[in-house]
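K.L.:
Provided below: work_7.txt, containing compact mmCIF, C-alpha atoms.
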# COMPACT_ATOMS: atom_id res chain seq x y z
CA PRO A 30 -87.96 99.18 -49.47
CA ASP A 31 -87.73 101.03 -52.80
CA GLY A 32 -90.79 103.13 -51.93
CA THR A 33 -92.87 102.04 -54.94
CA ARG A 34 -95.17 99.51 -53.28
CA LEU A 35 -97.30 99.30 -50.16
CA ALA A 36 -98.35 96.10 -48.38
CA ILE A 37 -101.47 96.17 -46.19
CA ALA A 38 -102.43 93.57 -43.56
CA SER A 39 -106.12 93.17 -42.81
CA LEU A 40 -108.56 91.62 -40.36
CA ASP A 41 -110.32 90.08 -43.40
CA LYS A 42 -107.57 87.38 -43.43
CA THR A 43 -105.72 88.89 -46.38
CA MET A 44 -102.69 90.96 -47.24
CA MET A 45 -102.71 93.14 -50.34
CA VAL A 46 -99.97 94.89 -52.31
CA TRP A 47 -100.56 98.27 -53.96
CA THR A 48 -98.43 100.69 -55.89
CA VAL A 49 -97.99 104.11 -54.34
CA PHE A 50 -100.33 105.39 -57.05
CA GLY A 51 -103.19 103.29 -55.70
CA GLN A 52 -103.04 100.48 -58.24
CA TRP A 53 -103.82 97.00 -56.95
CA ARG A 54 -100.89 94.76 -57.86
CA ARG A 55 -102.38 91.27 -57.50
CA LYS A 56 -104.95 89.03 -55.82
CA PRO A 57 -104.99 89.14 -52.01
CA LEU A 58 -102.56 86.85 -50.17
CA ARG A 59 -104.60 84.77 -47.75
CA HIS A 60 -104.28 83.40 -44.23
CA CYS A 61 -106.90 81.39 -42.32
CA SER A 62 -107.48 84.22 -39.84
CA ALA A 63 -106.79 87.94 -39.39
CA VAL A 64 -103.44 89.22 -40.68
CA LEU A 65 -102.06 91.53 -38.01
CA MET A 66 -98.75 92.61 -39.51
CA CYS A 67 -96.69 92.36 -42.69
CA ALA A 68 -93.06 93.19 -43.40
CA TRP A 69 -90.94 93.52 -46.54
CA SER A 70 -87.59 91.73 -46.74
CA PRO A 71 -84.70 94.21 -46.99
CA ASP A 72 -84.22 93.48 -50.70
CA GLY A 73 -87.94 93.81 -51.45
CA THR A 74 -88.28 90.36 -53.02
CA ARG A 75 -90.31 88.76 -50.24
CA LEU A 76 -93.13 89.64 -47.87
CA ALA A 77 -93.76 88.11 -44.45
CA SER A 78 -97.14 88.17 -42.74
CA ALA A 79 -98.08 87.41 -39.13
CA SER A 80 -101.55 86.11 -38.41
CA ALA A 81 -104.04 85.15 -35.74
CA ASP A 82 -103.95 81.68 -37.29
CA GLY A 83 -100.64 81.14 -35.47
CA THR A 84 -98.42 81.17 -38.55
CA VAL A 85 -95.97 83.40 -40.33
CA ARG A 86 -96.19 83.07 -44.09
CA VAL A 87 -93.57 84.25 -46.53
CA TRP A 88 -94.55 85.28 -50.06
CA ASP A 89 -92.70 85.95 -53.28
CA ALA A 90 -93.39 89.65 -53.78
CA VAL A 91 -93.31 89.33 -57.58
CA THR A 92 -95.39 86.22 -58.21
CA GLY A 93 -97.54 86.28 -55.06
CA LEU A 94 -96.77 82.61 -54.42
CA GLU A 95 -96.35 81.34 -50.86
CA VAL A 96 -92.68 80.54 -50.25
CA ALA A 97 -92.92 79.26 -46.69
CA LYS A 98 -95.39 78.64 -43.88
CA LEU A 99 -93.68 78.91 -40.50
CA GLU A 100 -95.36 76.94 -37.73
CA GLY A 101 -94.29 76.55 -34.12
CA HIS A 102 -96.11 79.24 -32.16
CA ASP A 103 -99.08 78.10 -30.09
CA ASN A 104 -101.22 81.21 -30.48
CA THR A 105 -101.86 84.47 -32.35
CA LEU A 106 -98.88 86.25 -33.92
CA TYR A 107 -98.78 90.02 -33.58
CA SER A 108 -95.52 90.96 -35.22
CA CYS A 109 -92.80 89.82 -37.61
CA ALA A 110 -89.49 91.47 -38.50
CA TRP A 111 -86.65 90.71 -40.90
CA SER A 112 -83.05 90.97 -39.75
CA PRO A 113 -81.15 93.84 -41.43
CA ASP A 114 -79.37 91.43 -43.79
CA GLY A 115 -82.53 89.48 -44.60
CA THR A 116 -81.14 86.12 -43.47
CA ARG A 117 -83.48 85.71 -40.48
CA LEU A 118 -87.08 86.44 -39.61
CA ALA A 119 -88.41 87.02 -36.09
CA SER A 120 -92.00 86.61 -34.90
CA ALA A 121 -93.76 87.70 -31.70
CA SER A 122 -96.75 85.89 -30.28
CA ARG A 123 -99.52 85.66 -27.76
CA ASP A 124 -97.79 82.47 -26.56
CA GLN A 125 -95.30 84.78 -24.77
CA THR A 126 -92.35 83.88 -27.00
CA VAL A 127 -90.30 85.36 -29.81
CA ARG A 128 -89.06 82.90 -32.39
CA VAL A 129 -86.33 83.34 -34.97
CA TRP A 130 -86.34 81.56 -38.32
CA ASP A 131 -83.58 80.94 -40.85
CA ALA A 132 -84.63 82.62 -44.10
CA ASN A 133 -82.85 80.03 -46.25
CA THR A 134 -84.08 76.79 -44.68
CA TRP A 135 -87.12 78.28 -42.87
CA SER A 136 -86.19 76.26 -39.80
CA GLU A 137 -86.59 77.67 -36.29
CA VAL A 138 -83.18 78.68 -34.95
CA ALA A 139 -84.17 80.33 -31.66
CA ASN A 140 -87.06 80.34 -29.20
CA LEU A 141 -86.71 83.34 -26.89
CA GLU A 142 -88.57 82.78 -23.64
CA GLY A 143 -88.78 85.07 -20.61
CA HIS A 144 -91.82 87.29 -21.02
CA ILE A 145 -94.82 86.51 -18.80
CA GLY A 146 -97.36 88.13 -21.08
CA VAL A 147 -98.32 88.48 -24.72
CA VAL A 148 -95.42 89.68 -26.90
CA TYR A 149 -96.78 92.40 -29.17
CA SER A 150 -93.71 93.57 -31.01
CA CYS A 151 -90.17 92.60 -31.95
CA ALA A 152 -87.44 94.70 -33.54
CA TRP A 153 -83.92 93.91 -34.71
CA GLY A 154 -81.02 96.07 -33.66
CA PRO A 155 -79.10 97.71 -36.51
CA ASP A 156 -76.21 95.29 -35.95
CA GLY A 157 -78.44 92.24 -36.52
CA ALA A 158 -77.03 90.62 -33.37
CA ARG A 159 -79.69 91.82 -30.94
CA LEU A 160 -83.46 91.63 -30.93
CA ALA A 161 -85.83 93.63 -28.73
CA SER A 162 -89.33 92.55 -27.73
CA ALA A 163 -92.22 94.47 -26.16
CA SER A 164 -94.81 92.74 -24.02
CA HIS A 165 -98.08 92.96 -22.13
CA ASP A 166 -96.00 92.22 -19.02
CA GLY A 167 -94.85 95.87 -19.12
CA THR A 168 -91.26 95.17 -20.09
CA VAL A 169 -88.96 95.42 -23.06
CA ARG A 170 -86.36 92.68 -23.27
CA VAL A 171 -83.22 92.61 -25.38
CA TRP A 172 -81.85 89.29 -26.60
CA ASP A 173 -78.54 88.08 -27.99
CA VAL A 174 -79.90 86.09 -30.92
CA SER A 175 -76.82 83.90 -31.39
CA THR A 176 -77.01 82.54 -27.84
CA GLY A 177 -80.72 83.03 -27.16
CA SER A 178 -79.88 84.76 -23.89
CA GLU A 179 -81.57 87.84 -22.44
CA VAL A 180 -79.02 90.65 -22.20
CA ALA A 181 -81.22 93.47 -20.92
CA LEU A 182 -84.53 93.85 -19.10
CA LEU A 183 -86.03 97.34 -19.43
CA GLU A 184 -88.58 98.00 -16.68
CA GLY A 185 -90.42 101.18 -15.78
CA HIS A 186 -93.71 101.24 -17.68
CA ASP A 187 -96.90 100.99 -15.60
CA ASP A 188 -98.89 99.14 -18.26
CA SER A 189 -98.42 96.88 -21.29
CA VAL A 190 -95.82 97.80 -23.91
CA SER A 191 -97.19 97.61 -27.44
CA ALA A 192 -94.16 98.56 -29.54
CA CYS A 193 -90.43 99.15 -29.45
CA ALA A 194 -87.98 100.75 -31.88
CA TRP A 195 -84.18 100.99 -32.03
CA SER A 196 -82.42 104.24 -32.72
CA PRO A 197 -80.40 104.10 -35.97
CA ASP A 198 -77.11 103.88 -34.06
CA GLY A 199 -78.37 101.02 -31.86
CA ALA A 200 -77.58 102.88 -28.63
CA ARG A 201 -81.17 103.58 -27.57
CA LEU A 202 -84.55 101.90 -27.58
CA ALA A 203 -87.92 103.62 -27.54
CA SER A 204 -91.01 101.88 -26.18
CA ALA A 205 -94.71 102.76 -26.46
CA SER A 206 -97.12 101.84 -23.70
CA GLY A 207 -100.65 101.79 -22.39
CA ASP A 208 -99.46 103.99 -19.53
CA TYR A 209 -99.71 106.99 -21.93
CA THR A 210 -95.95 107.28 -22.32
CA VAL A 211 -93.07 106.66 -24.67
CA ARG A 212 -89.86 105.91 -22.83
CA VAL A 213 -86.32 106.01 -24.17
CA TRP A 214 -83.69 103.65 -22.81
CA ASP A 215 -79.92 103.48 -22.90
CA VAL A 216 -79.44 99.90 -24.08
CA SER A 217 -75.93 99.50 -22.68
CA THR A 218 -76.93 100.42 -19.13
CA GLY A 219 -80.65 99.55 -19.16
CA SER A 220 -81.45 102.95 -17.71
CA GLU A 221 -84.38 105.17 -18.70
CA VAL A 222 -83.15 108.40 -20.25
CA ALA A 223 -86.45 110.03 -21.21
CA LYS A 224 -90.17 109.78 -20.45
CA LEU A 225 -92.46 111.37 -23.05
CA GLU A 226 -96.12 111.69 -22.08
CA HIS A 227 -99.28 111.56 -24.20
CA ALA A 228 -101.34 113.12 -21.41
CA ASP A 229 -102.63 116.54 -20.49
CA ASP A 230 -102.05 118.50 -17.30
CA VAL A 231 -104.73 116.58 -15.38
CA GLY A 232 -103.42 113.19 -16.44
CA ASP A 233 -105.97 112.36 -19.13
CA GLY A 234 -104.46 110.53 -22.07
CA ALA A 235 -104.59 107.39 -24.19
CA GLU A 236 -102.55 104.32 -24.93
CA VAL A 237 -99.49 104.94 -27.09
CA ASN A 238 -99.42 102.19 -29.69
CA CYS A 239 -96.48 102.99 -31.97
CA CYS A 240 -93.15 104.81 -32.05
CA ALA A 241 -90.52 105.39 -34.76
CA TRP A 242 -87.17 107.18 -35.03
CA SER A 243 -86.22 109.58 -37.78
CA PRO A 244 -83.44 108.21 -40.06
CA ASP A 245 -80.82 110.44 -38.42
CA GLY A 246 -81.90 109.50 -34.88
CA THR A 247 -82.57 113.08 -33.78
CA LYS A 248 -86.37 112.83 -33.61
CA LEU A 249 -88.93 110.34 -32.34
CA ALA A 250 -92.57 110.09 -33.42
CA SER A 251 -95.39 108.35 -31.57
CA SER A 252 -99.06 107.66 -32.23
CA SER A 253 -101.79 107.33 -29.65
CA GLY A 254 -105.39 106.37 -29.11
CA ASP A 255 -106.12 110.07 -28.52
CA GLU A 256 -105.80 110.47 -32.32
CA SER A 257 -102.57 112.40 -32.07
CA VAL A 258 -99.06 111.94 -33.41
Translate the structure described by the file into structure tokens.

P.N.:
Amino acid sequence: PDGTRLAIASLDKTMMVWTVFGQWRRKPLRHCSAVLMCAWSPDGTRLASASADGTVRVWDAVTGLEVAKLEGHDNTLYSCAWSPDGTRLASASRDQTVRVWDANTWSEVANLEGHIGVVYSCAWGPDGARLASASHDGTVRVWDVSTGSEVALLEGHDDSVSACAWSPDGARLASASGDYTVRVWDVSTGSEVAKLEHADDVGDGAEVNCCAWSPDGTKLASSSGDESV
């Protein structure tokens, strides 16, 4: 979070931490299978990693020691995300669920079920009360974490949804999909407010795999398999 270090997740079963000047900080942090995502805690003291071995592991970012091994998912994990205040950690899995963990006790506090496909991504709302998830079933779902209930179902994509991102004010969600589009949703109404295409005039394009808002919420970036941003 302070911009001085970079964590990298790898298919070689490791996660590595570097300084922004390219210096390797410590020995690789190891899982039993590919590491597909890593995320810094908001205060920068811990790192979480999601792996194909079905676990989330939490590491002390200073010592490199494993702080917790979170087990409960039945399949590959694709994503993990800290709540804005750092008190909870969410994980998204091939088992079609999103799970939420208490970052003090490391116990599971919520199991969010409703998707009918792999869940590729999860993202906390700025208020820390809501969590969005993006799935192979072509939907984005929004959850009230305190109750575990689904509060919005965002439908409209024609293919799997690989990522989702909240606007800084929490009013909108962007989603990236294999249908060559990024869509923007009004979270309060569930309505689609924009459809942004990664395709040319004859319809040729590529899967959009990531999207991110600018800090002021006025711009949205997306990356695609067509090698464009």

K.L.:
Using atom CA of Leu182 of chain A and atom CA of Asp103 of chain A as the two end points, give the distance in Å to one decimal.

P.N.:
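Value for the atom CA of Leu182 of chain A-atom CA of Asp103 of chain A distance: 24.1 Å.
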
K.L.:
Do you know which residues are at most 6 Å from Arg123 of chain A counting only C-alpha atoms, after dropping those on the same chain fewer than 2 positions away, and could you put them as a list of chain:residue names?

P.N.:
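The residues that qualify are A:Asn104, A:Thr105, A:Gln125, A:Val147, A:Val148.
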
K.L.:
Mind giving me the straight-line distance from atom CA of Asp215 of chain A to atom CA of Thr116 of chain A in Å, one decimal?

P.N.:
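So the answer is 26.9 Å.
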
K.L.:
What box, with edges along x, y and z, holds each listed atom of segment 178-192 of chain A when 3 Å is added on every side, and can you state its centre and edge lengths in Å to one decimal, as lines of an AutoDock Vina configuration file?

P.N.:
center_x = -89.0
center_y = 93.0
center_z = -22.6
size_x = 25.9
size_y = 22.5
size_z = 19.9

K.L.:
Can you measure atom CA of Leu58 of chain A to atom CA of Met45 of chain A for me? One decimal in Å is fine.

P.N.:
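Between atom CA of Leu58 of chain A and atom CA of Met45 of chain A the gap works out to 6.3 Å.
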
K.L.:
Of the candidates A:Ser150, A:Ser252, A:Ser62, A:Thr134, which one gets nearest to Ala97 of chain A if we count all atoms listed in the file?

P.N.:
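Result for the nearest residue to Ala97 of chain A: A:Thr134.
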
K.L.:
Please list as a list in words every residue within 9 Å of Val174 of chain A, counting all atoms listed in the file and excluding residues in the same chain fewer than 6 positions away.

P.N.:
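The residues satisfying every condition are Val129, Ala139, Leu141, Gly157, Ala158, Arg159 and Leu160 of chain A.
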
K.L.:
Please determine, counting all atoms listed in the file, which residue among A:Pro197, A:Pro71, A:Gly93, A:Gly146 has the shortest atom-to-atom distance to Ala132 of chain A.

P.N.:
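Smallest distance to Ala132 of chain A is found for A:Pro71.
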
K.L.:
So that I can see what lies close to Trp135 of chain A, please list as a PDB file with C-alpha atoms, in the frame of the given file the residues with an atom at most 12 Å from it, counting only C-alpha atoms and leaving out residues fewer than 2 positions away in the same chain.

P.N.:
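Dumped everything to out-v7.pdb:
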ATOM      1  CA  ALA A  77     -93.760  88.110 -44.450  1.00  0.00           C
ATOM      2  CA  VAL A  85     -95.970  83.400 -40.330  1.00  0.00           C
ATOM      3  CA  ARG A  86     -96.190  83.070 -44.090  1.00  0.00           C
ATOM      4  CA  VAL A  87     -93.570  84.250 -46.530  1.00  0.00           C
ATOM      5  CA  VAL A  96     -92.680  80.540 -50.250  1.00  0.00           C
ATOM      6  CA  ALA A  97     -92.920  79.260 -46.690  1.00  0.00           C
ATOM      7  CA  LYS A  98     -95.390  78.640 -43.880  1.00  0.00           C
ATOM      8  CA  LEU A  99     -93.680  78.910 -40.500  1.00  0.00           C
ATOM      9  CA  GLU A 100     -95.360  76.940 -37.730  1.00  0.00           C
ATOM     10  CA  GLY A 101     -94.290  76.550 -34.120  1.00  0.00           C
ATOM     11  CA  THR A 116     -81.140  86.120 -43.470  1.00  0.00           C
ATOM     12  CA  ARG A 117     -83.480  85.710 -40.480  1.00  0.00           C
ATOM     13  CA  LEU A 118     -87.080  86.440 -39.610  1.00  0.00           C
ATOM     14  CA  ALA A 119     -88.410  87.020 -36.090  1.00  0.00           C
ATOM     15  CA  ARG A 128     -89.060  82.900 -32.390  1.00  0.00           C
ATOM     16  CA  VAL A 129     -86.330  83.340 -34.970  1.00  0.00           C
ATOM     17  CA  TRP A 130     -86.340  81.560 -38.320  1.00  0.00           C
ATOM     18  CA  ASP A 131     -83.580  80.940 -40.850  1.00  0.00           C
ATOM     19  CA  ALA A 132     -84.630  82.620 -44.100  1.00  0.00           C
ATOM     20  CA  ASN A 133     -82.850  80.030 -46.250  1.00  0.00           C
ATOM     21  CA  GLU A 137     -86.590  77.670 -36.290  1.00  0.00           C
ATOM     22  CA  VAL A 138     -83.180  78.680 -34.950  1.00  0.00           C
ATOM     23  CA  ALA A 139     -84.170  80.330 -31.660  1.00  0.00           C
TER      24      ALA A 139
END

K.L.:
Which residues, written as a PyMOL selection string, have at least one atom at most 9 Å from Ala161 of chain A, with all atoms listed in the file counted and residues fewer than 5 positions away on the same chain left out?

P.N.:
chain A and resi 150-154+169-172+193-195+202
